[in-house]
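Q: Input structure: my_file_23.csv, which contains CSV, C-alpha atoms and all ligand atoms.
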```csv
chain,number,residue,atom,x,y,z
A,1,MET,CA,198.9,178.2,65.2
A,2,LEU,CA,197.2,181.0,63.3
A,3,GLU,CA,197.2,181.0,59.5
A,4,PRO,CA,200.0,183.4,58.4
A,5,VAL,CA,197.7,185.5,56.3
A,6,ARG,CA,197.3,189.3,56.1
A,7,LYS,CA,194.3,189.5,53.8
A,8,PRO,CA,190.9,187.9,53.8
A,9,ALA,CA,189.6,186.0,50.9
A,10,PRO,CA,188.9,188.3,47.9
A,11,TRP,CA,185.1,187.9,48.2
A,12,HIS,CA,185.3,189.2,51.8
A,13,GLN,CA,187.1,192.3,50.8
A,14,PRO,CA,184.1,194.8,51.1
A,15,GLY,CA,183.2,193.6,54.6
A,16,TRP,CA,186.9,193.7,55.5
A,17,GLN,CA,187.3,197.3,54.4
A,18,ARG,CA,184.3,198.4,56.4
A,19,LEU,CA,185.6,196.6,59.5
A,20,THR,CA,189.2,197.8,59.4
A,21,ALA,CA,188.2,201.4,58.6
A,22,GLN,CA,186.5,201.8,61.9
A,23,GLN,CA,188.0,203.9,64.6
A,24,ASP,CA,186.7,201.9,67.6
A,25,PHE,CA,186.8,198.1,67.6
A,26,ALA,CA,184.4,196.0,69.6
A,27,HIS,CA,185.9,193.8,72.4
A,28,ALA,CA,184.4,190.7,70.9
A,29,TYR,CA,183.6,189.6,67.4
A,30,LEU,CA,181.8,186.5,66.1
A,31,PHE,CA,182.6,185.5,62.6
A,32,THR,CA,180.0,183.2,61.1
A,33,GLY,CA,179.4,181.5,57.8
A,34,GLN,CA,179.4,178.1,56.1
A,35,PRO,CA,182.4,175.7,56.6
A,36,GLY,CA,185.1,176.6,54.1
A,37,CYS,CA,183.8,180.1,53.3
A,38,GLY,CA,187.0,181.7,54.6
A,39,LYS,CA,186.1,182.6,58.2
A,40,ARG,CA,189.3,181.4,59.8
A,41,ARG,CA,191.3,183.3,57.2
A,42,PHE,CA,189.3,186.4,57.9
A,43,ALA,CA,189.8,186.0,61.7
A,44,SER,CA,193.5,185.3,61.2
A,45,ALA,CA,194.0,188.4,59.0
A,46,PHE,CA,192.0,190.5,61.4
A,47,ALA,CA,194.1,189.3,64.4
A,48,ALA,CA,197.2,190.2,62.4
A,49,PHE,CA,195.8,193.6,61.6
A,50,LEU,CA,194.9,194.4,65.2
A,51,MET,CA,198.3,193.4,66.4
A,52,CYS,CA,200.4,195.1,63.8
A,53,ASP,CA,202.3,198.2,64.9
A,54,THR,CA,202.2,199.8,61.5
A,55,PRO,CA,199.3,198.5,59.4
A,56,ASP,CA,199.3,199.7,55.8
A,57,ALA,CA,196.0,200.5,54.2
A,58,GLY,CA,194.1,198.3,56.6
A,59,VAL,CA,196.4,195.3,56.3
A,60,ALA,CA,199.1,194.0,58.6
A,61,CYS,CA,202.6,195.0,57.4
A,62,ASP,CA,204.3,191.6,58.1
A,63,ALA,CA,207.5,193.5,58.8
A,64,CYS,CA,207.2,195.2,62.2
A,65,ARG,CA,208.4,193.4,65.4
A,66,SER,CA,204.9,192.4,66.3
A,67,CYS,CA,204.2,190.9,62.9
A,68,GLN,CA,207.5,189.0,63.0
A,69,LEU,CA,206.7,187.5,66.4
A,70,ARG,CA,203.2,186.6,65.1
A,71,LEU,CA,204.6,185.0,61.9
A,72,ALA,CA,207.1,183.0,64.0
A,73,GLY,CA,204.2,181.7,66.1
A,74,SER,CA,205.7,183.2,69.3
A,75,HIS,CA,203.8,186.4,70.0
A,76,PRO,CA,203.1,186.4,73.7
A,77,ASP,CA,200.0,188.6,73.3
A,78,LEU,CA,198.3,186.4,70.8
A,79,LEU,CA,196.4,183.4,72.0
A,80,MET,CA,194.8,180.7,69.8
A,81,LEU,CA,192.3,178.4,71.4
A,82,GLU,CA,191.2,175.3,69.5
A,83,PRO,CA,190.1,171.8,70.5
A,84,GLU,CA,193.1,169.6,71.2
A,85,GLU,CA,191.9,167.3,68.4
A,86,GLU,CA,189.6,168.1,65.6
A,87,GLY,CA,186.0,167.4,66.5
A,88,LYS,CA,186.7,167.4,70.2
A,89,ALA,CA,185.4,169.9,72.8
A,90,ILE,CA,187.1,173.0,74.0
A,91,ARG,CA,187.3,172.4,77.7
A,92,VAL,CA,187.0,174.7,80.7
A,93,ASP,CA,190.7,174.4,81.4
A,94,ALA,CA,191.5,176.0,78.0
A,95,VAL,CA,189.1,178.8,78.7
A,96,ARG,CA,190.6,179.4,82.1
A,97,GLN,CA,193.9,179.8,80.3
A,98,LEU,CA,192.1,182.5,78.2
A,99,VAL,CA,190.8,184.2,81.4
A,100,ASP,CA,194.3,184.4,82.8
A,101,PHE,CA,195.7,185.7,79.5
A,102,ILE,CA,193.1,188.4,79.5
A,103,SER,CA,193.8,189.5,83.1
A,104,GLN,CA,197.5,189.8,82.5
A,105,THR,CA,199.0,193.0,81.1
A,106,SER,CA,200.3,193.0,77.5
A,107,GLN,CA,203.9,191.7,77.3
A,108,GLN,CA,204.8,193.7,74.2
A,109,GLY,CA,202.9,196.8,75.3
A,110,GLY,CA,200.4,196.5,72.4
A,111,ARG,CA,197.0,194.9,72.0
A,112,LYS,CA,196.2,191.4,73.1
A,113,VAL,CA,194.1,189.1,70.8
A,114,VAL,CA,192.5,185.8,71.4
A,115,VAL,CA,191.2,183.7,68.5
A,116,LEU,CA,188.8,180.9,69.6
A,117,GLN,CA,187.5,178.4,67.0
A,118,PRO,CA,185.2,176.7,66.5
A,119,ALA,CA,183.3,178.5,69.2
A,120,GLU,CA,180.6,175.9,69.3
A,121,ALA,CA,183.1,173.4,70.4
A,122,MET,CA,183.1,174.9,73.9
A,123,ASN,CA,181.3,172.7,76.4
A,124,VAL,CA,178.9,174.4,78.8
A,125,ASN,CA,181.4,175.0,81.6
A,126,ALA,CA,183.9,176.5,79.1
A,127,ALA,CA,181.1,178.7,77.6
A,128,ASN,CA,180.2,180.0,81.1
A,129,ALA,CA,183.8,180.7,81.9
A,130,LEU,CA,184.1,182.7,78.7
A,131,LEU,CA,181.0,184.6,79.5
A,132,LYS,CA,182.6,186.2,82.5
A,133,SER,CA,185.4,187.6,80.3
A,134,LEU,CA,182.8,188.9,77.8
A,135,GLU,CA,181.0,190.7,80.6
A,136,GLU,CA,184.1,192.4,82.0
A,137,PRO,CA,186.2,193.3,78.9
A,138,SER,CA,189.6,194.6,79.6
A,139,ALA,CA,191.1,197.5,77.6
A,140,GLU,CA,193.0,196.8,74.3
A,141,THR,CA,192.0,193.1,74.5
A,142,TYR,CA,190.1,191.6,71.6
A,143,LEU,CA,188.3,188.3,71.4
A,144,LEU,CA,187.6,186.8,68.0
A,145,LEU,CA,185.2,183.8,67.9
A,146,VAL,CA,184.7,181.8,64.8
A,147,SER,CA,181.7,179.5,64.3
A,148,ASP,CA,179.9,177.8,61.5
A,149,GLN,CA,177.1,176.8,63.9
A,150,PRO,CA,176.4,180.0,65.9
A,151,SER,CA,172.9,178.7,66.8
A,152,ARG,CA,174.7,176.3,69.1
A,153,LEU,CA,176.3,179.0,71.1
A,154,LEU,CA,174.8,180.4,74.3
A,155,PRO,CA,172.6,183.3,73.3
A,156,THR,CA,174.3,185.3,76.0
A,157,ILE,CA,177.6,184.8,74.3
A,158,ARG,CA,176.2,185.7,70.9
A,159,SER,CA,174.6,188.9,72.2
A,160,ARG,CA,177.9,190.1,73.6
A,161,CYS,CA,179.8,189.8,70.4
A,162,ARG,CA,179.6,191.9,67.3
A,163,VAL,CA,178.4,189.4,64.7
A,164,GLN,CA,180.1,189.5,61.3
A,165,PRO,CA,178.4,187.1,58.8
A,166,LEU,CA,180.8,186.0,56.1
A,167,ASN,CA,179.2,184.8,52.9
A,168,LEU,CA,180.2,182.4,50.1
A,169,PRO,CA,181.3,183.9,46.8
A,170,GLY,CA,179.1,183.5,43.7
A,171,ALA,CA,179.6,180.3,41.6
A,172,ASP,CA,181.7,182.1,39.0
A,173,GLU,CA,183.9,183.9,41.4
A,174,ALA,CA,184.4,180.6,43.4
A,175,ALA,CA,185.4,178.7,40.2
A,176,ALA,CA,187.8,181.5,39.1
A,177,TRP,CA,189.5,181.6,42.5
A,178,LEU,CA,189.8,177.8,42.8
A,179,THR,CA,191.2,177.5,39.2
A,180,GLU,CA,193.8,180.1,40.1
A,181,GLN,CA,194.8,178.1,43.3
A,182,LEU,CA,195.0,174.8,41.4
A,183,PRO,CA,196.7,175.6,38.1
A,184,ASP,CA,197.3,171.9,37.4
A,185,ARG,CA,193.7,170.9,37.7
A,186,SER,CA,191.2,171.0,34.9
A,187,THR,CA,188.1,173.2,34.9
A,188,ASP,CA,185.9,170.1,35.3
A,189,ASP,CA,188.0,168.9,38.3
A,190,CYS,CA,187.6,172.3,40.0
A,191,ALA,CA,183.8,172.3,39.3
A,192,LEU,CA,183.5,168.8,40.9
A,193,LEU,CA,185.6,169.9,43.9
A,194,LEU,CA,183.4,172.9,44.4
A,195,GLN,CA,180.3,170.8,44.1
A,196,MET,CA,181.6,168.4,46.7
A,197,ALA,CA,182.4,171.4,48.9
A,198,GLY,CA,178.9,172.8,48.7
A,199,GLY,CA,180.3,175.8,46.9
A,200,ALA,CA,182.8,176.7,49.6
A,201,PRO,CA,186.1,177.5,48.0
A,202,LEU,CA,188.4,176.9,50.9
A,203,ARG,CA,186.7,173.6,51.6
A,204,ALA,CA,187.2,172.7,47.9
A,205,LEU,CA,190.9,173.5,48.2
A,206,SER,CA,191.4,171.3,51.2
A,207,LEU,CA,189.5,168.5,49.4
A,208,ALA,CA,192.0,168.8,46.6
A,209,GLN,CA,194.9,168.7,49.1
A,210,VAL,CA,193.7,165.3,50.5
A,211,ASP,CA,193.2,164.0,47.0
A,212,ALA,CA,189.5,163.6,47.3
A,213,LEU,CA,189.1,163.5,43.5
A,214,ALA,CA,191.0,160.2,43.2
A,215,GLN,CA,189.0,158.8,46.1
A,216,ARG,CA,185.8,159.9,44.5
A,217,GLU,CA,186.8,158.2,41.2
A,218,LYS,CA,187.4,155.0,43.0
A,219,VAL,CA,184.0,155.2,44.8
A,220,VAL,CA,182.1,156.0,41.6
A,221,GLU,CA,183.7,153.1,39.9
A,222,GLY,CA,182.8,150.9,42.8
A,223,ILE,CA,179.1,152.0,42.6
A,224,LYS,CA,178.9,151.2,38.9
A,225,ALA,CA,180.4,147.8,39.5
A,226,LEU,CA,177.9,147.2,42.4
A,227,LEU,CA,174.9,148.1,40.3
A,228,LYS,CA,176.2,145.8,37.5
A,229,GLY,CA,176.5,143.0,40.0
A,230,GLN,CA,180.3,142.9,39.6
A,231,ALA,CA,181.3,143.9,43.1
A,232,ALA,CA,179.9,142.8,46.5
A,233,PRO,CA,179.0,145.3,49.1
A,234,SER,CA,181.3,143.8,51.6
A,235,LYS,CA,184.3,144.0,49.3
A,236,LEU,CA,183.6,147.7,48.4
A,237,ALA,CA,183.1,148.5,52.1
A,238,GLU,CA,186.6,147.2,52.8
A,239,GLN,CA,188.1,148.8,49.7
A,240,TRP,CA,186.8,152.2,50.7
A,241,ASN,CA,188.6,152.2,54.0
A,242,PRO,CA,191.0,155.0,53.1
A,243,VAL,CA,188.1,157.3,52.2
A,244,PRO,CA,187.0,159.6,55.1
A,245,ILE,CA,183.5,158.5,56.2
A,246,GLU,CA,182.3,162.2,56.2
A,247,LEU,CA,183.1,162.4,52.4
A,248,LEU,CA,181.2,159.1,51.7
A,249,LEU,CA,178.2,160.3,53.7
A,250,ASP,CA,178.3,163.7,51.9
A,251,TRP,CA,178.4,162.0,48.6
A,252,PHE,CA,175.6,159.6,49.2
A,253,CYS,CA,173.4,162.3,50.7
A,254,ALA,CA,174.0,164.5,47.7
A,255,TRP,CA,173.3,161.7,45.3
A,256,THR,CA,170.1,160.8,47.1
A,257,LEU,CA,168.9,164.4,46.9
A,258,ASP,CA,169.8,164.4,43.2
A,259,LEU,CA,167.7,161.2,42.7
A,260,LEU,CA,164.7,162.9,44.4
A,261,LYS,CA,165.1,165.9,42.2
A,262,LEU,CA,165.4,163.8,39.1
A,263,GLN,CA,162.3,161.8,40.0
A,264,GLN,CA,160.4,165.0,40.4
A,265,GLN,CA,162.0,166.3,37.2
A,266,ALA,CA,163.0,169.4,39.1
A,267,SER,CA,164.7,172.0,36.9
A,268,ASP,CA,167.6,172.5,39.3
A,269,ALA,CA,168.6,168.8,39.2
A,270,ALA,CA,172.2,169.6,38.2
A,271,VAL,CA,173.8,166.2,38.7
A,272,SER,CA,177.6,166.0,38.7
A,273,ALA,CA,179.1,164.7,35.5
A,274,ASP,CA,180.7,161.6,37.1
A,275,MET,CA,177.4,160.3,38.3
A,276,ASP,CA,174.9,161.6,35.8
A,277,LYS,CA,174.4,158.4,33.9
A,278,VAL,CA,174.1,156.2,37.0
A,279,LEU,CA,171.7,158.5,38.7
A,280,GLY,CA,169.6,159.1,35.6
A,281,TYR,CA,169.3,155.3,35.2
A,282,MET,CA,168.4,154.8,38.8
A,283,ALA,CA,165.9,157.6,38.9
A,284,LYS,CA,163.8,156.0,36.2
A,285,LYS,CA,163.6,152.7,37.9
A,286,LEU,CA,163.2,153.3,41.6
A,287,ASP,CA,160.3,153.7,43.9
A,288,VAL,CA,160.0,157.0,45.7
A,289,ALA,CA,158.8,155.5,49.1
A,290,LYS,CA,161.8,153.3,49.2
A,291,LEU,CA,164.0,156.3,48.3
A,292,LEU,CA,162.6,158.4,51.1
A,293,ALA,CA,163.1,155.5,53.6
A,294,TRP,CA,166.7,155.2,52.5
A,295,GLN,CA,167.2,158.9,52.9
A,296,ASP,CA,165.9,158.8,56.5
A,297,TRP,CA,168.2,156.0,57.3
A,298,LEU,CA,171.2,157.7,55.7
A,299,LEU,CA,170.6,161.0,57.4
A,300,GLU,CA,170.2,159.3,60.8
A,301,HIS,CA,173.5,157.6,60.3
A,302,ARG,CA,175.2,160.8,59.2
A,303,ARG,CA,174.0,162.4,62.5
A,304,LEU,CA,175.4,159.4,64.5
A,305,PHE,CA,178.8,159.6,62.8
A,306,ALA,CA,178.8,163.4,63.3
A,307,SER,CA,178.2,162.9,67.0
A,308,LYS,CA,181.1,160.6,67.1
A,309,ALA,CA,178.9,157.6,68.0
A,310,ASN,CA,181.0,154.4,68.1
A,311,LEU,CA,179.8,152.8,64.8
A,312,ASN,CA,181.6,150.2,62.8
A,313,ARG,CA,182.2,151.9,59.5
A,314,VAL,CA,182.7,148.7,57.4
A,315,LEU,CA,179.4,147.2,58.7
A,316,PHE,CA,177.7,150.5,58.1
A,317,LEU,CA,179.0,150.8,54.5
A,318,GLU,CA,178.1,147.2,53.7
A,319,LYS,CA,174.5,147.8,54.9
A,320,ALA,CA,174.4,151.1,53.0
A,321,LEU,CA,175.5,149.5,49.8
A,322,VAL,CA,173.0,146.6,50.1
A,323,GLN,CA,170.2,149.2,50.5
A,324,TRP,CA,171.6,151.4,47.7
A,325,LYS,CA,171.5,148.4,45.3
A,326,ASN,CA,168.1,147.4,46.6
A,327,LEU,CA,166.7,150.7,45.6
A,328,LEU,CA,166.5,149.2,42.1
A,329,GLU,CA,164.8,146.0,43.1
A,330,ARG,CA,161.1,145.7,42.4
A,331,ARG,CA,159.0,145.3,45.5
A,401,ZN,ZN,203.2,194.8,61.3
```
Could you express the structure from this file as structure tokens?
A:
Amino acid sequence: MLEPVRKPAPWHQPGWQRLTAQQDFAHAYLFTGQPGCGKRRFASAFAAFLMCDTPDAGVACDACRSCQLRLAGSHPDLLMLEPEEEGKAIRVDAVRQLVDFISQTSQQGGRKVVVLQPAEAMNVNAANALLKSLEEPSAETYLLLVSDQPSRLLPTIRSRCRVQPLNLPGADEAAAWLTEQLPDRSTDDCALLLQMAGGAPLRALSLAQVDALAQREKVVEGIKALLKGQAAPSKLAEQWNPVPIELLLDWFCAWTLDLLKLQQQASDAAVSADMDKVLGYMAKKLDVAKLLAWQDWLLEHRRLFASKANLNRVLFLEKALVQWKNLLERR
């Protein structure tokens, strides 16, 4: 189902105003930008705007019949295509459903809108099926693609869409927005969430919703215990079972990068507060060749996990922790 939003994130307001002020809309748009920058929200709000019978100042009214059908999730002229499961492919059957939808006449007599996300999840057959629809657009039908990896799309698909790049807000704006969304969280918590999210506010918000801060605290404590010889890698690997592997990989990759920066005494080595002592201590002691070898190994495993390779996470974590601790051993 589409997010029930009428407006884009505040930092996308200027682009939004330019877009909605146009007289003629393209048949297909491609919204691109980093994960968590607000692309989905932008596409949802734009779909709402396109379908609204009486938009007000470039925003869906949320009151007309079309808006009410959309808000109830039962608008027959709005189609949402997503993978059946997160991380899975959008298959050709789903795109055939889209092709049928486009060829039918509008049931409510207004525009028809398709939102497809993430577009890079289409497999080759699905992408080719979609291409046909892009080549022969039908009147008053709009296709909204959302992608954080547009380079993975067929160039022929990209070239038939109007590309709307959506940026991240500046650090201050992101922090102010997140603090407003999470009134019960401290400024430090919000700063850490944003850092974990690579500066992407909506990603930071979803991390807060899955209680990533508590998990992070547990992991940081575990690492301190590991380095002091108070916890065994195998025990921590088991203990961390509830923590999503993507988060653990993100954190270790970020810490590794921080270690490299600290070693080179880079001026932008802004290490997060919960790990500054640990990383500062490690950076003084470790050997750069070992650190680079560890980074290679870690990035390779991150790729494997991202490609859904069938890895045993407990074994992987145990190996990772043994190596992390070994970074401090003299050769
Ligand atoms: Zn409306």
Q: What is the distance between CA of Glu318 in chain A and CA of Gln215 in chain A, in Å to one decimal?
A: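 About the pair CA of Glu318 in chain A and CA of Gln215 in chain A: they are 17.6 Å apart.
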Q: Can you tell me which residues surround Pro242 in chain A at a distance of at most 12 Å, considering all atoms listed in the file, apart from same-chain residues fewer than 2 positions away, and format the answer as a short mmCIF file (atom, residue, chain, number, x, y, z; two decimals) with C-alpha atoms, in the coordinates of the input?
A:
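Below you can see selection04.cif, which holds the result:
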```
data_model
loop_
_atom_site.label_atom_id
_atom_site.label_comp_id
_atom_site.auth_asym_id
_atom_site.auth_seq_id
_atom_site.Cartn_x
_atom_site.Cartn_y
_atom_site.Cartn_z
CA VAL A 210 193.70 165.30 50.50
CA ASP A 211 193.20 164.00 47.00
CA ALA A 212 189.50 163.60 47.30
CA ALA A 214 191.00 160.20 43.20
CA GLN A 215 189.00 158.80 46.10
CA ARG A 216 185.80 159.90 44.50
CA LYS A 218 187.40 155.00 43.00
CA VAL A 219 184.00 155.20 44.80
CA LEU A 236 183.60 147.70 48.40
CA ALA A 237 183.10 148.50 52.10
CA GLU A 238 186.60 147.20 52.80
CA GLN A 239 188.10 148.80 49.70
CA TRP A 240 186.80 152.20 50.70
CA PRO A 244 187.00 159.60 55.10
CA ILE A 245 183.50 158.50 56.20
CA GLU A 246 182.30 162.20 56.20
CA LEU A 247 183.10 162.40 52.40
CA LEU A 248 181.20 159.10 51.70
CA ARG A 313 182.20 151.90 59.50
CA VAL A 314 182.70 148.70 57.40
#
```
Q: List all protein, DNA and RNA residues that have any atom at most 6 Å from ligand ZN 401 (chain A), counting all atoms listed in the file, and write the list as a PyMOL selection string.
A: chain A and resi 52-55+60-64+66-67
Q: If I take CA of Leu321 in chain A and CA of Gln230 in chain A, how far is one from the other in Å, to one decimal?
A: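 Separating CA of Leu321 in chain A from CA of Gln230 in chain A is a distance of 13.1 Å.
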Q: Find the residues near range 35-46 of chain A: any atom within 7 Å, counting all atoms listed in the file, skip ones fewer than 3 places away on the same chain, and give them as a PyMOL selection string.
A: chain A and resi 2-3+5-9+31-32+49-50+144+146+148+166-168+200-203
Q: Suppose we keep C-alpha atoms; can you now write the selection as a CSV table (one decimal), in the coordinates of the input?
A:
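Result written to part.csv:
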```csv
chain,number,residue,atom,x,y,z
A,2,LEU,CA,197.2,181.0,63.3
A,3,GLU,CA,197.2,181.0,59.5
A,5,VAL,CA,197.7,185.5,56.3
A,6,ARG,CA,197.3,189.3,56.1
A,7,LYS,CA,194.3,189.5,53.8
A,8,PRO,CA,190.9,187.9,53.8
A,9,ALA,CA,189.6,186.0,50.9
A,31,PHE,CA,182.6,185.5,62.6
A,32,THR,CA,180.0,183.2,61.1
A,49,PHE,CA,195.8,193.6,61.6
A,50,LEU,CA,194.9,194.4,65.2
A,144,LEU,CA,187.6,186.8,68.0
A,146,VAL,CA,184.7,181.8,64.8
A,148,ASP,CA,179.9,177.8,61.5
A,166,LEU,CA,180.8,186.0,56.1
A,167,ASN,CA,179.2,184.8,52.9
A,168,LEU,CA,180.2,182.4,50.1
A,200,ALA,CA,182.8,176.7,49.6
A,201,PRO,CA,186.1,177.5,48.0
A,202,LEU,CA,188.4,176.9,50.9
A,203,ARG,CA,186.7,173.6,51.6
```
Q: Return the single residue from A:Arg70, A:Arg18, A:Arg91, A:Lys224 that is closest to Met275 in chain A, with distances computed using all atoms listed in the file.
A: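 Looking at the shortest contact to Met275 in chain A, the residue is A:Lys224.
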Q: Please provide the set of residues having any atom within 12 Å of Pro155 in chain A, restricted to all atoms listed in the file, with same-chain residues fewer than 5 positions apart removed, written as a CSV table (one decimal) with C-alpha atoms, in the frame of the given file.
A:
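Wrote out-v6.csv, looks like this:
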```csv
chain,number,residue,atom,x,y,z
A,120,GLU,CA,180.6,175.9,69.3
A,127,ALA,CA,181.1,178.7,77.6
A,128,ASN,CA,180.2,180.0,81.1
A,131,LEU,CA,181.0,184.6,79.5
A,150,PRO,CA,176.4,180.0,65.9
A,160,ARG,CA,177.9,190.1,73.6
A,161,CYS,CA,179.8,189.8,70.4
```
Q: Could you check which residues have any atom within 9 Å of (202.2, 193.7, 74.4), counting all atoms listed in the file with coordinates taken straight from the file, and then list them as JSON, numbers by chain?
A: {"A": [51, 66, 75, 76, 77, 105, 106, 107, 108, 109, 110, 111, 112]}
Q: Separation of CA of Ser147 in chain A and CA of Phe25 in chain A, in Å?
A: 19.6 Å
Q: Could you tell me which of A:Leu194, A:Leu30, A:Leu79, A:Ala320 comes closest to Ser151 in chain A if we count only C-alpha atoms?
A: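 Smallest distance to Ser151 in chain A is found for A:Leu30.
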Q: Can you work out which one of A:Leu78, A:Thr256, A:Leu279, A:Ala266 has the shortest atom-to-atom distance to Trp297 in chain A, counting all atoms listed in the file?
A: A:Thr256
Q: Smallest atom-to-atom distance to Val163 in chain A: which of A:Ala26, A:Ala293, A:Ala232, A:Val220, using only C-alpha atoms?
A: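 The answer is A:Ala26, which sits nearest to Val163 in chain A.
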Q: Would you list the residues near (160.8, 162.8, 33.6), meaning any protein, DNA or RNA residue with an atom at most 10 Å from that point in file coordinates, counting only C-alpha atoms, as a VMD selection string?
A: chain A and resid 262 to 266 280 283 to 284
Q: Using only C-alpha atoms, pick whichever of A:Trp11, A:Asp93, A:Leu257, A:Val114 has the shortest atom-to-atom distance to Glu173 in chain A.
A: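 Of all the options, A:Trp11 lies closest to Glu173 in chain A.
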Q: Listed atoms of range 155-174 of chain A, axis-aligned box, 5 Å per side: centre and edge lengths to one decimal in Å, as AutoDock Vina command-line options?
A:
```
--center_x 178.5 --center_y 186.1 --center_z 57.5 --size_x 21.8 --size_y 21.6 --size_z 47.0
```
